[in-house]
file coords26.cif (mmCIF, N, CA and C atoms)
data_data
#
loop_
_atom_site.label_atom_id
_atom_site.label_comp_id
_atom_site.auth_asym_id
_atom_site.auth_seq_id
_atom_site.Cartn_x
_atom_site.Cartn_y
_atom_site.Cartn_z
N MET A 1 92.12 110.31 98.27
CA MET A 1 91.60 110.89 99.49
C MET A 1 91.68 112.40 99.40
N ILE A 2 90.58 113.05 99.60
CA ILE A 2 90.54 114.50 99.56
C ILE A 2 91.40 115.07 100.68
N PHE A 3 91.33 114.47 101.86
CA PHE A 3 92.10 114.93 103.01
C PHE A 3 93.58 114.95 102.69
N THR A 4 94.09 113.91 102.04
CA THR A 4 95.50 113.82 101.69
C THR A 4 95.88 114.92 100.71
N LYS A 5 95.04 115.19 99.73
CA LYS A 5 95.34 116.23 98.75
C LYS A 5 95.35 117.62 99.39
N GLN A 6 94.47 117.86 100.34
CA GLN A 6 94.43 119.16 101.01
C GLN A 6 95.66 119.39 101.87
N LEU A 7 96.21 118.34 102.44
CA LEU A 7 97.36 118.47 103.32
C LEU A 7 98.69 118.35 102.60
N ALA A 8 98.66 118.13 101.29
CA ALA A 8 99.88 117.87 100.54
C ALA A 8 100.88 119.02 100.61
N GLY A 9 100.41 120.25 100.72
CA GLY A 9 101.32 121.39 100.74
C GLY A 9 101.86 121.73 102.12
N LEU A 10 101.38 121.07 103.16
CA LEU A 10 101.83 121.37 104.52
C LEU A 10 102.95 120.43 104.96
N TYR A 11 103.81 120.94 105.80
CA TYR A 11 104.87 120.09 106.37
C TYR A 11 104.26 119.21 107.45
N PRO A 12 104.76 117.98 107.60
CA PRO A 12 104.23 117.09 108.64
C PRO A 12 104.28 117.68 110.04
N VAL A 13 105.33 118.44 110.35
CA VAL A 13 105.44 119.03 111.69
C VAL A 13 104.31 120.04 111.92
N THR A 14 103.92 120.77 110.90
CA THR A 14 102.82 121.73 111.01
C THR A 14 101.51 121.01 111.30
N ILE A 15 101.27 119.94 110.58
CA ILE A 15 100.05 119.16 110.79
C ILE A 15 100.00 118.60 112.21
N LEU A 16 101.13 118.03 112.65
CA LEU A 16 101.19 117.45 114.00
C LEU A 16 100.99 118.52 115.07
N PHE A 17 101.66 119.66 114.91
CA PHE A 17 101.54 120.72 115.90
C PHE A 17 100.07 121.13 116.10
N TRP A 18 99.39 121.43 115.01
CA TRP A 18 98.01 121.90 115.13
C TRP A 18 97.06 120.81 115.61
N SER A 19 97.26 119.58 115.18
CA SER A 19 96.37 118.52 115.64
C SER A 19 96.59 118.23 117.13
N TYR A 20 97.85 118.24 117.59
CA TYR A 20 98.11 118.00 119.02
C TYR A 20 97.65 119.18 119.87
N LEU A 21 97.73 120.39 119.34
CA LEU A 21 97.24 121.56 120.07
C LEU A 21 95.72 121.48 120.25
N VAL A 22 95.01 121.10 119.21
CA VAL A 22 93.55 120.95 119.31
C VAL A 22 93.20 119.87 120.32
N VAL A 23 93.90 118.75 120.28
CA VAL A 23 93.64 117.67 121.26
C VAL A 23 93.89 118.16 122.67
N ALA A 24 94.98 118.91 122.88
CA ALA A 24 95.29 119.43 124.21
C ALA A 24 94.19 120.37 124.70
N LEU A 25 93.71 121.24 123.82
CA LEU A 25 92.65 122.18 124.21
C LEU A 25 91.33 121.47 124.51
N VAL A 26 91.03 120.44 123.75
CA VAL A 26 89.77 119.73 123.95
C VAL A 26 89.80 118.90 125.24
N THR A 27 90.95 118.33 125.57
CA THR A 27 91.03 117.47 126.76
C THR A 27 91.37 118.25 128.03
N ALA A 28 91.86 119.47 127.92
CA ALA A 28 92.25 120.26 129.10
C ALA A 28 91.14 120.42 130.13
N PRO A 29 89.89 120.63 129.73
CA PRO A 29 88.84 120.78 130.76
C PRO A 29 88.67 119.54 131.65
N ALA A 30 89.13 118.39 131.24
CA ALA A 30 89.00 117.18 132.05
C ALA A 30 90.10 117.06 133.11
N LEU A 31 91.13 117.87 133.03
CA LEU A 31 92.26 117.75 133.96
C LEU A 31 91.89 117.88 135.44
N PRO A 32 91.01 118.79 135.82
CA PRO A 32 90.68 118.88 137.25
C PRO A 32 90.05 117.61 137.82
N PHE A 33 89.52 116.76 136.96
CA PHE A 33 88.85 115.53 137.40
C PHE A 33 89.74 114.30 137.25
N ALA A 34 90.99 114.48 136.84
CA ALA A 34 91.86 113.36 136.50
C ALA A 34 92.63 112.79 137.66
N GLY A 35 92.60 113.41 138.83
CA GLY A 35 93.41 112.92 139.94
C GLY A 35 94.85 113.32 139.74
N ARG A 36 95.77 112.43 140.05
CA ARG A 36 97.20 112.72 139.89
C ARG A 36 97.56 112.67 138.41
N ILE A 37 98.13 113.77 137.90
CA ILE A 37 98.47 113.82 136.48
C ILE A 37 99.96 114.00 136.23
N VAL A 38 100.72 114.32 137.27
CA VAL A 38 102.16 114.51 137.11
C VAL A 38 102.86 113.18 137.36
N PRO A 39 103.63 112.68 136.39
CA PRO A 39 104.30 111.39 136.57
C PRO A 39 105.44 111.48 137.58
N HIS A 40 105.73 110.33 138.20
CA HIS A 40 106.80 110.24 139.20
C HIS A 40 107.73 109.08 138.85
N GLY A 41 108.99 109.20 139.23
CA GLY A 41 109.95 108.11 139.11
C GLY A 41 110.08 107.55 137.71
N ARG A 42 109.91 106.23 137.62
CA ARG A 42 110.04 105.54 136.32
C ARG A 42 109.00 105.98 135.31
N GLU A 43 107.89 106.50 135.79
CA GLU A 43 106.85 106.97 134.88
C GLU A 43 107.35 108.08 133.96
N LEU A 44 108.29 108.88 134.45
CA LEU A 44 108.84 109.96 133.62
C LEU A 44 109.49 109.42 132.35
N ALA A 45 110.23 108.33 132.48
CA ALA A 45 110.87 107.73 131.31
C ALA A 45 109.83 107.23 130.33
N TRP A 46 108.76 106.59 130.84
CA TRP A 46 107.71 106.09 129.95
C TRP A 46 106.95 107.22 129.27
N VAL A 47 106.75 108.32 129.99
CA VAL A 47 106.08 109.47 129.39
C VAL A 47 106.95 110.06 128.28
N LEU A 48 108.24 110.12 128.51
CA LEU A 48 109.17 110.61 127.49
C LEU A 48 109.16 109.70 126.25
N VAL A 49 109.20 108.40 126.46
CA VAL A 49 109.13 107.45 125.34
C VAL A 49 107.79 107.60 124.61
N LEU A 50 106.72 107.71 125.35
CA LEU A 50 105.40 107.88 124.76
C LEU A 50 105.32 109.15 123.92
N GLY A 51 105.85 110.24 124.47
CA GLY A 51 105.79 111.52 123.76
C GLY A 51 106.70 111.60 122.55
N VAL A 52 107.93 111.16 122.71
CA VAL A 52 108.92 111.31 121.63
C VAL A 52 108.77 110.23 120.57
N VAL A 53 108.72 108.97 120.98
CA VAL A 53 108.71 107.87 120.02
C VAL A 53 107.32 107.59 119.48
N PHE A 54 106.38 107.32 120.39
CA PHE A 54 105.07 106.84 119.95
C PHE A 54 104.11 107.96 119.54
N THR A 55 104.42 109.19 119.85
CA THR A 55 103.55 110.28 119.43
C THR A 55 104.23 111.13 118.36
N ALA A 56 105.33 111.77 118.70
CA ALA A 56 105.96 112.70 117.75
C ALA A 56 106.60 111.98 116.56
N ALA A 57 107.47 111.02 116.82
CA ALA A 57 108.18 110.36 115.72
C ALA A 57 107.24 109.54 114.85
N SER A 58 106.35 108.78 115.47
CA SER A 58 105.43 107.98 114.66
C SER A 58 104.45 108.85 113.89
N GLY A 59 103.99 109.95 114.50
CA GLY A 59 103.10 110.87 113.79
C GLY A 59 103.79 111.51 112.59
N TYR A 60 105.04 111.92 112.79
CA TYR A 60 105.81 112.52 111.70
C TYR A 60 105.98 111.52 110.55
N LEU A 61 106.42 110.31 110.88
CA LEU A 61 106.62 109.28 109.85
C LEU A 61 105.31 108.93 109.15
N TYR A 62 104.23 108.91 109.89
CA TYR A 62 102.92 108.62 109.31
C TYR A 62 102.60 109.62 108.20
N TYR A 63 102.72 110.91 108.48
CA TYR A 63 102.38 111.92 107.48
C TYR A 63 103.38 111.94 106.33
N VAL A 64 104.65 111.67 106.61
CA VAL A 64 105.64 111.62 105.54
C VAL A 64 105.35 110.45 104.60
N PHE A 65 105.08 109.29 105.17
CA PHE A 65 104.85 108.10 104.35
C PHE A 65 103.51 108.14 103.62
N MET A 66 102.50 108.76 104.20
CA MET A 66 101.20 108.84 103.55
C MET A 66 101.25 109.68 102.27
N ARG A 67 102.27 110.50 102.13
CA ARG A 67 102.43 111.30 100.91
C ARG A 67 102.92 110.44 99.75
N HIS A 68 103.37 109.24 100.03
CA HIS A 68 103.97 108.39 99.01
C HIS A 68 103.13 107.18 98.65
N VAL A 69 101.90 107.15 99.07
CA VAL A 69 101.02 106.04 98.72
C VAL A 69 99.71 106.59 98.17
N THR A 70 99.00 105.76 97.44
CA THR A 70 97.70 106.17 96.90
C THR A 70 96.65 106.10 98.01
N ALA A 71 95.48 106.64 97.71
CA ALA A 71 94.38 106.61 98.68
C ALA A 71 93.99 105.18 99.02
N GLN A 72 94.07 104.28 98.04
CA GLN A 72 93.72 102.88 98.27
C GLN A 72 94.65 102.27 99.32
N ALA A 73 95.94 102.49 99.16
CA ALA A 73 96.91 101.94 100.10
C ALA A 73 96.79 102.63 101.46
N ALA A 74 96.58 103.94 101.46
CA ALA A 74 96.46 104.67 102.72
C ALA A 74 95.26 104.16 103.53
N GLY A 75 94.15 103.91 102.85
CA GLY A 75 92.97 103.38 103.54
C GLY A 75 93.24 102.05 104.20
N ALA A 76 93.93 101.16 103.49
CA ALA A 76 94.25 99.85 104.06
C ALA A 76 95.25 99.97 105.21
N LEU A 77 96.21 100.86 105.07
CA LEU A 77 97.23 101.01 106.11
C LEU A 77 96.71 101.66 107.38
N MET A 78 95.61 102.39 107.29
CA MET A 78 95.05 103.02 108.49
C MET A 78 94.53 101.98 109.48
N TYR A 79 94.24 100.78 109.00
CA TYR A 79 93.79 99.72 109.89
C TYR A 79 94.92 99.14 110.72
N VAL A 80 96.15 99.52 110.44
CA VAL A 80 97.29 99.04 111.21
C VAL A 80 97.33 99.71 112.59
N GLU A 81 96.75 100.89 112.72
CA GLU A 81 96.79 101.62 113.99
C GLU A 81 96.19 100.83 115.16
N PRO A 82 95.01 100.24 115.03
CA PRO A 82 94.50 99.45 116.16
C PRO A 82 95.35 98.22 116.47
N VAL A 83 95.97 97.67 115.45
CA VAL A 83 96.86 96.52 115.67
C VAL A 83 98.05 96.95 116.51
N SER A 84 98.65 98.09 116.16
CA SER A 84 99.79 98.58 116.93
C SER A 84 99.36 98.95 118.35
N ALA A 85 98.15 99.48 118.52
CA ALA A 85 97.67 99.81 119.86
C ALA A 85 97.52 98.55 120.72
N ALA A 86 97.02 97.47 120.14
CA ALA A 86 96.90 96.21 120.88
C ALA A 86 98.27 95.67 121.25
N PHE A 87 99.22 95.76 120.30
CA PHE A 87 100.57 95.28 120.58
C PHE A 87 101.23 96.10 121.69
N LEU A 88 101.10 97.41 121.63
CA LEU A 88 101.70 98.26 122.67
C LEU A 88 101.02 98.05 124.02
N GLY A 89 99.71 97.79 124.02
CA GLY A 89 99.03 97.47 125.26
C GLY A 89 99.59 96.22 125.91
N TRP A 90 99.93 95.24 125.08
CA TRP A 90 100.55 94.02 125.58
C TRP A 90 101.97 94.28 126.06
N LEU A 91 102.75 95.03 125.26
CA LEU A 91 104.16 95.27 125.56
C LEU A 91 104.34 96.17 126.78
N VAL A 92 103.65 97.27 126.82
CA VAL A 92 103.87 98.28 127.86
C VAL A 92 103.00 98.03 129.09
N LEU A 93 101.75 97.68 128.88
CA LEU A 93 100.81 97.57 130.00
C LEU A 93 100.57 96.15 130.48
N GLY A 94 101.11 95.19 129.75
CA GLY A 94 100.93 93.80 130.15
C GLY A 94 99.54 93.27 129.89
N GLN A 95 98.79 93.88 128.99
CA GLN A 95 97.45 93.41 128.67
C GLN A 95 97.53 92.09 127.90
N ARG A 96 96.55 91.25 128.12
CA ARG A 96 96.52 89.94 127.48
C ARG A 96 95.98 90.05 126.06
N LEU A 97 96.63 89.37 125.13
CA LEU A 97 96.15 89.31 123.75
C LEU A 97 95.52 87.95 123.52
N GLY A 98 94.23 87.92 123.26
CA GLY A 98 93.55 86.67 122.97
C GLY A 98 93.84 86.20 121.56
N TRP A 99 93.43 84.98 121.27
CA TRP A 99 93.69 84.41 119.94
C TRP A 99 93.00 85.22 118.85
N HIS A 100 91.79 85.75 119.15
CA HIS A 100 91.06 86.52 118.15
C HIS A 100 91.77 87.83 117.82
N VAL A 101 92.45 88.43 118.80
CA VAL A 101 93.22 89.66 118.54
C VAL A 101 94.43 89.34 117.68
N LEU A 102 95.09 88.22 117.97
CA LEU A 102 96.27 87.83 117.19
C LEU A 102 95.89 87.47 115.75
N VAL A 103 94.83 86.71 115.58
CA VAL A 103 94.39 86.33 114.23
C VAL A 103 93.92 87.57 113.46
N GLY A 104 93.10 88.39 114.09
CA GLY A 104 92.62 89.60 113.43
C GLY A 104 93.75 90.55 113.07
N GLY A 105 94.69 90.73 113.99
CA GLY A 105 95.85 91.58 113.71
C GLY A 105 96.68 91.05 112.57
N ALA A 106 96.88 89.75 112.53
CA ALA A 106 97.64 89.16 111.42
C ALA A 106 96.92 89.36 110.09
N LEU A 107 95.61 89.19 110.08
CA LEU A 107 94.85 89.41 108.85
C LEU A 107 94.93 90.86 108.37
N VAL A 108 94.87 91.79 109.30
CA VAL A 108 94.98 93.21 108.94
C VAL A 108 96.36 93.49 108.35
N LEU A 109 97.40 92.98 108.99
CA LEU A 109 98.76 93.21 108.49
C LEU A 109 98.98 92.58 107.12
N VAL A 110 98.51 91.36 106.93
CA VAL A 110 98.65 90.69 105.63
C VAL A 110 97.85 91.42 104.56
N GLY A 111 96.63 91.84 104.89
CA GLY A 111 95.81 92.59 103.94
C GLY A 111 96.45 93.90 103.52
N GLY A 112 96.97 94.64 104.49
CA GLY A 112 97.65 95.90 104.18
C GLY A 112 98.89 95.68 103.33
N LEU A 113 99.64 94.65 103.64
CA LEU A 113 100.83 94.33 102.85
C LEU A 113 100.46 93.96 101.42
N LEU A 114 99.41 93.17 101.26
CA LEU A 114 98.98 92.78 99.91
C LEU A 114 98.54 93.98 99.09
N VAL A 115 97.82 94.91 99.71
CA VAL A 115 97.37 96.10 98.99
C VAL A 115 98.56 96.93 98.54
N VAL A 116 99.53 97.11 99.40
CA VAL A 116 100.69 97.94 99.07
C VAL A 116 101.58 97.24 98.03
N VAL A 117 101.83 95.95 98.20
CA VAL A 117 102.74 95.23 97.30
C VAL A 117 102.14 95.07 95.91
N PHE A 118 100.85 94.77 95.82
CA PHE A 118 100.25 94.48 94.53
C PHE A 118 99.49 95.66 93.92
N GLU A 119 99.76 96.85 94.42
CA GLU A 119 99.13 98.03 93.84
C GLU A 119 99.72 98.28 92.46
N PRO A 120 98.87 98.51 91.45
CA PRO A 120 99.38 98.69 90.09
C PRO A 120 100.33 99.88 89.99
N ALA A 121 101.47 99.68 89.35
CA ALA A 121 102.49 100.72 89.22
C ALA A 121 101.99 101.90 88.40
N GLU A 122 101.12 101.67 87.41
CA GLU A 122 100.65 102.78 86.58
C GLU A 122 99.80 103.77 87.38
N GLU A 123 99.09 103.29 88.42
CA GLU A 123 98.33 104.21 89.28
C GLU A 123 99.26 105.13 90.04
N LEU A 124 100.38 104.59 90.48
CA LEU A 124 101.34 105.40 91.22
C LEU A 124 101.95 106.47 90.34
N ARG A 125 102.30 106.12 89.11
CA ARG A 125 102.89 107.10 88.19
C ARG A 125 101.87 108.17 87.81
N ALA A 126 100.63 107.75 87.57
CA ALA A 126 99.57 108.69 87.15
C ALA A 126 99.24 109.69 88.26
N SER A 127 99.30 109.23 89.51
CA SER A 127 98.97 110.12 90.61
C SER A 127 100.13 111.02 90.98
N GLY A 128 101.36 110.69 90.53
CA GLY A 128 102.52 111.50 90.83
C GLY A 128 102.96 111.42 92.28
N LEU A 129 102.63 110.32 92.97
CA LEU A 129 102.94 110.21 94.37
C LEU A 129 104.34 109.66 94.64
N ARG A 130 104.90 108.90 93.76
CA ARG A 130 106.21 108.32 94.01
C ARG A 130 107.32 109.30 93.69
N GLY A 131 108.33 109.32 94.49
CA GLY A 131 109.53 110.07 94.22
C GLY A 131 109.47 111.56 94.53
N GLY A 132 108.31 112.11 94.79
CA GLY A 132 108.18 113.54 95.09
C GLY A 132 108.42 113.82 96.55
N GLY A 133 107.82 114.74 97.20
CA GLY A 133 107.82 115.14 98.57
C GLY A 133 108.42 114.30 99.54
#

call {"tool": "encode", "arguments": {"input": "coords26.cif", "output": "structure tokens"}}
result
Amino acid sequence: MIFTKQLAGLYPVTILFWSYLVVALVTAPALPFAGRIVPHGRELAWVLVLGVVFTAASGYLYYVFMRHVTAQAAGALMYVEPVSAAFLGWLVLGQRLGWHVLVGGALVLVGGLLVVVFEPAEELRASGLRGGG
């Protein structure tokens, strides 16, 4: 992946900072139309969990771990994001997961696992991705 090679010299925190800043600037014009935007009561705890765990920590781990896999594995693992979004929608928001979401999510997880587990070791050594950064 060209994108991965271009970002290889940057720290994950730098990447996250700039990407979240761009998202904040792009979405800021919509704030006047959003209604109530300041959380109250129990919502504060969920906003903190969302910001610290599901945004900052997961984003940091994502960029750290992507430095240790090949483009083939990274491409397969990117499909895990919608699966995690469906799971969190069920866990946090109480959204219903139909059988097709469960079967599709399982297939995505199994496919990603197979790509990572059965990736040829010589490709990893040749690319210099293991054991570095």

call {"tool": "closest_residue", "arguments": {"input": "coords26.cif", "among": "A:Phe87, A:Trp46, A:Tyr60, A:Phe33", "to": "Tyr20 of chain A", "atoms": "only C-alpha atoms"}}
result
A:Tyr60

call {"tool": "resolve_selection", "arguments": {"input": "coords26.cif", "expression": "the PyMOL selection byres (((chain A and resi 71-82 and name CA) around 12) and name CA)", "output": "PyMOL selection string"}}
result
chain A and resi 1-5+54+58-59+62-70+83-89+101-102+104-120+123-124+127+129

call {"tool": "atom_distance", "arguments": {"input": "coords26.cif", "atom1": "atom C of Gly94 of chain A", "atom2": "atom CA of Glu43 of chain A"}}
result
16.3 Å

call {"tool": "atom_distance", "arguments": {"input": "coords26.cif", "atom1": "atom C of Ala28 of chain A", "atom2": "atom C of Trp90 of chain A"}}
result
28.6 Å

call {"tool": "atom_distance", "arguments": {"input": "coords26.cif", "atom1": "atom C of Gly35 of chain A", "atom2": "atom C of Val47 of chain A"}}
result
17.0 Å

call {"tool": "axis_aligned_box", "arguments": {"input": "coords26.cif", "around": "segment 116-120 of chain A", "padding_each_side": "4 Å", "output": "JSON"}}
result
{"center_x": 100.8, "center_y": 97.2, "center_z": 94.7, "size_x": 11.9, "size_y": 13.4, "size_z": 17.4}

call {"tool": "select_by_dssp", "arguments": {"input": "coords26.cif", "residues": "segment 24-133 of chain A", "states": "alpha helix (DSSP H)", "output": "ChimeraX atom specification"}}
result
/A:24-27,42-49,58-66,71-77,80-93,99-117,121-127
